[in-house]
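Colleague: The structure's right below; bear with me while I get my questions together.
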Amino acid sequence: MIIIVMGVSGSGKSRVGQTLAQRLGWQFRDADDFHTQAAKEKMKQAIPLNDQDRQPWLEAIRSAMDRWLMADENTVLACSALKSSYRQILGIQDSRVQFIYLQGSFQLIDERLKHRQNHFMHESLLQSQFETLEEPTPSEAIYIDASQSPEAIVQSVINKLHIK
């Protein structure tokens with residue numbers, strides 16, 4: 001199974017994903033690691049990525065997901081997955097892939113990003129993330145309030161997915 005923890009930058013995807021993976025004894029992967037260097041440079045310069053920039057990123061993630069599923073490697077993946085079309089590529093129709101949407105207000109996420117250090121994503125790009133975001137339907141993802149502590153979120157995910 002692959003659990004994709006999704007949401008805008010600063011919603012807590014990586015921290016929640018790492019905590020969840022550790023709690024379950026699964027591997028953790030961060031979709032940021034699949035970005036090309038050119039895409040990372042654009043984001044450092046506060047230039048929003050477009051679909052053309054994201055295509056090789058999505059293809060690399062999907063290819064890795066296929067390998068994890070074939071090898072029966074349970075994985076937690078932190079990935080923004082902002083658009084419905086991205087989630088289609090990542091396998092929203094596959095029963096072995098479950099999306100967890102960390103939903104938070106612009107104000108909450110903006111405050112978090114102001115305190116973030118050493119990340120290539122420039123905080124000024126948050127507005128473009130919210131503009132790009134196409135929230136998943138409740139049938140596509142489990143909605144979780146991002147304002148909760150990572151531990152509370154992880155427990156909620158485990159409860160909702162009935163994972164022991």
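In the structure tokens, chains take letters A, B, ... by order of appearance, with residues numbered from 1 within each chain and ligands from 1 in the order shown.
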Need to verify the contact set: A:Gly10, 10 Å, only C-alpha atoms, exclusion of same-chain residues closer than 3 positions in sequence. Can you return it as a PyMOL selection string?
Modeller: chain A and resi 7+13-15+80+102+104+106+108-116+121+123+126+146
Colleague: So which residues of stretch 5-149 of chain A fall under strand (DSSP E) by DSSP, listed as a ChimeraX atom specification?
Modeller: /A:5-6,27-30,75-78,97-103,141-145
Colleague: Write to file, as a JSON list (two decimals), in the first residue's frame, the residues of the selection just made, with N, CA, C and O atoms.
Modeller:
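Resulting contents of result-v6.json:
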[["chain", "number", "residue", "atom", "x", "y", "z"],
["A", 5, "VAL", "N", 0.46, 11.54, 1.48],
["A", 5, "VAL", "CA", 0.07, 12.67, 2.32],
["A", 5, "VAL", "C", 0.22, 13.91, 1.45],
["A", 5, "VAL", "O", 1.32, 14.26, 1.04],
["A", 6, "MET", "N", -0.91, 14.55, 1.14],
["A", 6, "MET", "CA", -0.92, 15.64, 0.17],
["A", 6, "MET", "C", -1.38, 16.96, 0.79],
["A", 6, "MET", "O", -2.00, 16.98, 1.85],
["A", 27, "GLN", "N", 8.42, 2.44, 4.82],
["A", 27, "GLN", "CA", 9.40, 3.38, 4.30],
["A", 27, "GLN", "C", 8.73, 4.73, 4.04],
["A", 27, "GLN", "O", 7.53, 4.79, 3.77],
["A", 28, "PHE", "N", 9.53, 5.80, 4.13],
["A", 28, "PHE", "CA", 9.04, 7.14, 3.83],
["A", 28, "PHE", "C", 9.81, 7.68, 2.64],
["A", 28, "PHE", "O", 11.03, 7.52, 2.54],
["A", 29, "ARG", "N", 9.09, 8.34, 1.77],
["A", 29, "ARG", "CA", 9.70, 9.03, 0.63],
["A", 29, "ARG", "C", 9.07, 10.42, 0.50],
["A", 29, "ARG", "O", 7.88, 10.59, 0.79],
["A", 30, "ASP", "N", 9.86, 11.36, 0.05],
["A", 30, "ASP", "CA", 9.37, 12.73, -0.15],
["A", 30, "ASP", "C", 9.41, 13.03, -1.64],
["A", 30, "ASP", "O", 10.46, 12.89, -2.28],
["A", 75, "THR", "N", 4.62, 2.10, 1.67],
["A", 75, "THR", "CA", 5.32, 3.37, 1.60],
["A", 75, "THR", "C", 4.40, 4.51, 1.97],
["A", 75, "THR", "O", 3.22, 4.52, 1.59],
["A", 76, "VAL", "N", 4.94, 5.48, 2.69],
["A", 76, "VAL", "CA", 4.26, 6.75, 2.92],
["A", 76, "VAL", "C", 5.01, 7.78, 2.07],
["A", 76, "VAL", "O", 6.23, 7.91, 2.18],
["A", 77, "LEU", "N", 4.27, 8.47, 1.21],
["A", 77, "LEU", "CA", 4.85, 9.46, 0.30],
["A", 77, "LEU", "C", 4.27, 10.83, 0.60],
["A", 77, "LEU", "O", 3.05, 11.00, 0.59],
["A", 78, "ALA", "N", 5.14, 11.79, 0.87],
["A", 78, "ALA", "CA", 4.71, 13.18, 1.01],
["A", 78, "ALA", "C", 4.76, 13.80, -0.37],
["A", 78, "ALA", "O", 5.81, 13.83, -1.01],
["A", 97, "VAL", "N", -3.53, 2.67, -3.31],
["A", 97, "VAL", "CA", -3.04, 4.03, -3.09],
["A", 97, "VAL", "C", -4.12, 4.81, -2.36],
["A", 97, "VAL", "O", -5.26, 4.89, -2.83],
["A", 98, "GLN", "N", -3.76, 5.39, -1.22],
["A", 98, "GLN", "CA", -4.71, 6.16, -0.42],
["A", 98, "GLN", "C", -4.17, 7.57, -0.22],
["A", 98, "GLN", "O", -3.04, 7.74, 0.24],
["A", 99, "PHE", "N", -4.98, 8.57, -0.56],
["A", 99, "PHE", "CA", -4.60, 9.97, -0.38],
["A", 99, "PHE", "C", -5.11, 10.48, 0.96],
["A", 99, "PHE", "O", -6.27, 10.25, 1.32],
["A", 100, "ILE", "N", -4.25, 11.20, 1.68],
["A", 100, "ILE", "CA", -4.60, 11.89, 2.91],
["A", 100, "ILE", "C", -4.37, 13.37, 2.63],
["A", 100, "ILE", "O", -3.25, 13.79, 2.33],
["A", 101, "TYR", "N", -5.43, 14.16, 2.69],
["A", 101, "TYR", "CA", -5.34, 15.59, 2.37],
["A", 101, "TYR", "C", -5.24, 16.41, 3.66],
["A", 101, "TYR", "O", -6.17, 16.44, 4.45],
["A", 102, "LEU", "N", -4.09, 17.06, 3.85],
["A", 102, "LEU", "CA", -3.89, 17.94, 4.99],
["A", 102, "LEU", "C", -4.42, 19.32, 4.60],
["A", 102, "LEU", "O", -3.77, 20.07, 3.87],
["A", 103, "GLN", "N", -5.59, 19.61, 5.08],
["A", 103, "GLN", "CA", -6.29, 20.83, 4.70],
["A", 103, "GLN", "C", -6.03, 21.91, 5.76],
["A", 103, "GLN", "O", -6.23, 21.68, 6.95],
["A", 141, "ALA", "N", -9.99, 11.28, -1.18],
["A", 141, "ALA", "CA", -9.00, 11.45, -0.12],
["A", 141, "ALA", "C", -9.68, 11.58, 1.23],
["A", 141, "ALA", "O", -10.83, 12.01, 1.33],
["A", 142, "ILE", "N", -8.92, 11.24, 2.25],
["A", 142, "ILE", "CA", -9.37, 11.47, 3.62],
["A", 142, "ILE", "C", -8.91, 12.86, 4.01],
["A", 142, "ILE", "O", -7.72, 13.19, 3.90],
["A", 143, "TYR", "N", -9.84, 13.69, 4.42],
["A", 143, "TYR", "CA", -9.54, 15.06, 4.83],
["A", 143, "TYR", "C", -9.09, 15.07, 6.29],
["A", 143, "TYR", "O", -9.75, 14.48, 7.15],
["A", 144, "ILE", "N", -7.98, 15.74, 6.57],
["A", 144, "ILE", "CA", -7.47, 15.89, 7.93],
["A", 144, "ILE", "C", -7.16, 17.37, 8.15],
["A", 144, "ILE", "O", -6.53, 18.01, 7.30],
["A", 145, "ASP", "N", -7.55, 17.89, 9.30],
["A", 145, "ASP", "CA", -7.28, 19.27, 9.67],
["A", 145, "ASP", "C", -5.79, 19.44, 9.95],
["A", 145, "ASP", "O", -5.26, 18.87, 10.90]]
Colleague: Quick check, in Å to one decimal: how far apart do atom CA of A:Leu24 and atom CA of A:Leu82 lie?
Modeller: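 If I compute the distance from atom CA of A:Leu24 to atom CA of A:Leu82, I get 25.3 Å.
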Colleague: Can you pull out the residues contacting A:Tyr86? Cut-off 9 Å, using only C-alpha atoms, and skip same-chain residues under 6 positions away; I want them as a ChimeraX atom specification.
Modeller: /A:54-55,58
Colleague: Write down as a PyMOL selection string the residues belonging to stretch 12-132 of chain A that are assigned alpha helix (DSSP H) by DSSP computed on the backbone.
Modeller: chain A and resi 13-24+37-44+51-70+84-90+106-114+126-132
Colleague: For A:Ile153, which of A:Ile89, A:Val16, A:Ile2, A:Ser9 is the closest residue, counting only C-alpha atoms?
Modeller: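 Looking at the shortest contact to A:Ile153, the residue is A:Val16.
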Colleague: Mind pulling up the distance from atom CA of A:Glu135 to atom CA of A:Leu20?
Modeller: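 Here the two named atoms are 22.0 Å from each other.
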Colleague: Looking at A:Thr36, A:Asp94, A:Ala60, A:Met1, which one is nearest to A:Asp72, with distances taken over only C-alpha atoms?
Modeller: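 Checking each of A:Thr36, A:Asp94, A:Ala60, A:Met1 against A:Asp72, counting only C-alpha atoms, the winner is A:Met1.
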Colleague: Quick one, how far is atom CA of A:Ala81 from atom CA of A:Pro136?
Modeller: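 According to the coordinates, atom CA of A:Ala81 and atom CA of A:Pro136 are separated by 9.5 Å.
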Colleague: Choose the residue, out of A:Trp26, A:Val8, A:Thr19, A:His35, that has the smallest atom-to-atom separation from A:Ala152; count only C-alpha atoms.
Modeller: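 The closest residue to A:Ala152 is A:Thr19.
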